Amino acid sequence: MANKFELPEDTALAKKVIDHESKKHELKVRAGWLGQFFGVTKHVGLYIVGLICIILILTATIYTFFPDNSKPTSLSSEKLWTIVLPVITTLIGYIFGVSQKNEKSNEE
């Protein structure tokens, strides 16, 4: 069984180990799959926004290098970049804005 752990002989220490393992398991269950991937800190929003930004950049870059005859005529590479670039710059602005807000709150 993967959840087994060694208990020390000292009963007080064993109780602390059991309490710690119980809290760790409770946090893992409460966090869920996304919590395990992104973490459960106050910076989760930044991680998600950063991931979205990377996915958009990669998708648009890969789409740009597809041959023109395999792309739909209604969505050229130029049109895709005119849609994606404002979203990316907004996300990057959010990242820098939150970072500056955190720095100011740490100074006070």
# chains A, B, ... in the order shown; residues from 1 in each chain; ligands from 1
call {"tool": "residues_around", "arguments": {"residues": "A:Leu7", "least_positions_apart": "2", "cutoff": "12 Å", "atoms": "only C-alpha atoms", "output": "PyMOL selection string"}}
result
chain A and resi 4-5+9-21
call {"tool": "residues_around", "arguments": {"residues": "A:Ser99", "least_positions_apart": "6", "cutoff": "10 Å", "atoms": "only C-alpha atoms", "output": "JSON, numbers by chain"}}
result
{"A": [43, 46, 93]}
call {"tool": "write_last_selection", "arguments": {"atoms": "N, CA and C atoms", "output": "PDB file, in the first residue's frame"}}
result
ATOM      1  N   HIS A  43      -0.399  32.550  -5.358  1.00  0.00           N
ATOM      2  CA  HIS A  43       0.065  32.856  -6.708  1.00  0.00           C
ATOM      3  C   HIS A  43      -0.549  31.961  -7.773  1.00  0.00           C
ATOM      4  N   LEU A  46      -1.568  33.650 -11.024  1.00  0.00           N
ATOM      5  CA  LEU A  46      -0.446  33.969 -11.911  1.00  0.00           C
ATOM      6  C   LEU A  46       0.003  32.756 -12.707  1.00  0.00           C
ATOM      7  N   GLY A  93       0.048  42.169 -18.872  1.00  0.00           N
ATOM      8  CA  GLY A  93      -0.221  43.326 -18.030  1.00  0.00           C
ATOM      9  C   GLY A  93      -0.775  42.925 -16.679  1.00  0.00           C
TER      10      GLY A  93
END
call {"tool": "residues_around", "arguments": {"residues": "stretch 71-85 of chain A", "least_positions_apart": "2", "cutoff": "10 Å", "atoms": "only C-alpha atoms", "output": "PDB file with N, CA and C atoms, in the first residue's frame"}}
result
ATOM      1  N   CYS A  53      -1.096  32.084 -21.336  1.00  0.00           N
ATOM      2  CA  CYS A  53      -0.269  32.901 -22.225  1.00  0.00           C
ATOM      3  C   CYS A  53       0.667  32.021 -23.066  1.00  0.00           C
ATOM      4  N   LEU A  56      -1.364  30.129 -25.729  1.00  0.00           N
ATOM      5  CA  LEU A  56      -1.752  30.998 -26.844  1.00  0.00           C
ATOM      6  C   LEU A  56      -0.575  31.280 -27.773  1.00  0.00           C
ATOM      7  N   ILE A  57       0.579  31.574 -27.207  1.00  0.00           N
ATOM      8  CA  ILE A  57       1.762  31.859 -28.029  1.00  0.00           C
ATOM      9  C   ILE A  57       2.154  30.635 -28.842  1.00  0.00           C
ATOM     10  N   THR A  59       0.265  28.045 -29.730  1.00  0.00           N
ATOM     11  CA  THR A  59      -0.765  27.739 -30.725  1.00  0.00           C
ATOM     12  C   THR A  59      -0.666  28.664 -31.928  1.00  0.00           C
ATOM     13  N   ALA A  60      -0.530  29.960 -31.674  1.00  0.00           N
ATOM     14  CA  ALA A  60      -0.441  30.919 -32.775  1.00  0.00           C
ATOM     15  C   ALA A  60       0.843  30.728 -33.582  1.00  0.00           C
ATOM     16  N   THR A  61       1.933  30.412 -32.897  1.00  0.00           N
ATOM     17  CA  THR A  61       3.205  30.194 -33.613  1.00  0.00           C
ATOM     18  C   THR A  61       3.131  28.956 -34.493  1.00  0.00           C
ATOM     19  N   ILE A  62       2.593  27.876 -33.971  1.00  0.00           N
ATOM     20  CA  ILE A  62       2.474  26.648 -34.769  1.00  0.00           C
ATOM     21  C   ILE A  62       1.529  26.873 -35.943  1.00  0.00           C
ATOM     22  N   TYR A  63       0.417  27.565 -35.701  1.00  0.00           N
ATOM     23  CA  TYR A  63      -0.541  27.844 -36.774  1.00  0.00           C
ATOM     24  C   TYR A  63       0.093  28.701 -37.862  1.00  0.00           C
ATOM     25  N   THR A  64       0.980  29.597 -37.494  1.00  0.00           N
ATOM     26  CA  THR A  64       1.638  30.465 -38.469  1.00  0.00           C
ATOM     27  C   THR A  64       2.461  29.657 -39.465  1.00  0.00           C
ATOM     28  N   PHE A  65       3.072  28.576 -39.003  1.00  0.00           N
ATOM     29  CA  PHE A  65       3.945  27.797 -39.883  1.00  0.00           C
ATOM     30  C   PHE A  65       3.231  26.688 -40.643  1.00  0.00           C
ATOM     31  N   PHE A  66       1.913  26.559 -40.468  1.00  0.00           N
ATOM     32  CA  PHE A  66       1.153  25.625 -41.300  1.00  0.00           C
ATOM     33  C   PHE A  66       1.111  26.151 -42.731  1.00  0.00           C
ATOM     34  N   PRO A  67       1.096  25.271 -43.700  1.00  0.00           N
ATOM     35  CA  PRO A  67       0.966  25.731 -45.091  1.00  0.00           C
ATOM     36  C   PRO A  67      -0.385  26.429 -45.296  1.00  0.00           C
ATOM     37  N   ASP A  68      -0.395  27.449 -46.149  1.00  0.00           N
ATOM     38  CA  ASP A  68      -1.611  28.242 -46.362  1.00  0.00           C
ATOM     39  C   ASP A  68      -2.757  27.426 -46.951  1.00  0.00           C
ATOM     40  N   ASN A  69      -2.454  26.409 -47.719  1.00  0.00           N
ATOM     41  CA  ASN A  69      -3.532  25.628 -48.331  1.00  0.00           C
ATOM     42  C   ASN A  69      -4.243  24.715 -47.321  1.00  0.00           C
ATOM     43  N   VAL A  87      -4.925  39.726 -26.393  1.00  0.00           N
ATOM     44  CA  VAL A  87      -5.184  38.873 -25.229  1.00  0.00           C
ATOM     45  C   VAL A  87      -3.878  38.619 -24.480  1.00  0.00           C
ATOM     46  N   ILE A  88      -2.821  38.328 -25.213  1.00  0.00           N
ATOM     47  CA  ILE A  88      -1.521  38.059 -24.589  1.00  0.00           C
ATOM     48  C   ILE A  88      -1.017  39.300 -23.849  1.00  0.00           C
ATOM     49  N   THR A  89      -1.116  40.466 -24.470  1.00  0.00           N
ATOM     50  CA  THR A  89      -0.637  41.681 -23.804  1.00  0.00           C
ATOM     51  C   THR A  89      -1.477  42.006 -22.569  1.00  0.00           C
ATOM     52  N   THR A  90      -2.765  41.729 -22.617  1.00  0.00           N
ATOM     53  CA  THR A  90      -3.607  41.926 -21.438  1.00  0.00           C
ATOM     54  C   THR A  90      -3.191  40.985 -20.314  1.00  0.00           C
ATOM     55  N   LEU A  91      -2.937  39.726 -20.647  1.00  0.00           N
ATOM     56  CA  LEU A  91      -2.511  38.759 -19.639  1.00  0.00           C
ATOM     57  C   LEU A  91      -1.158  39.142 -19.037  1.00  0.00           C
TER      58      LEU A  91
END
call {"tool": "atom_distance", "arguments": {"atom1": "atom CA of A:Gly45", "atom2": "atom CA of A:Ile95"}}
result
8.9 Å
call {"tool": "closest_residue", "arguments": {"among": "A:Lys28, A:Tyr94, A:Ser22, A:Ser70", "to": "A:Gly50", "atoms": "only C-alpha atoms"}}
result
A:Tyr94
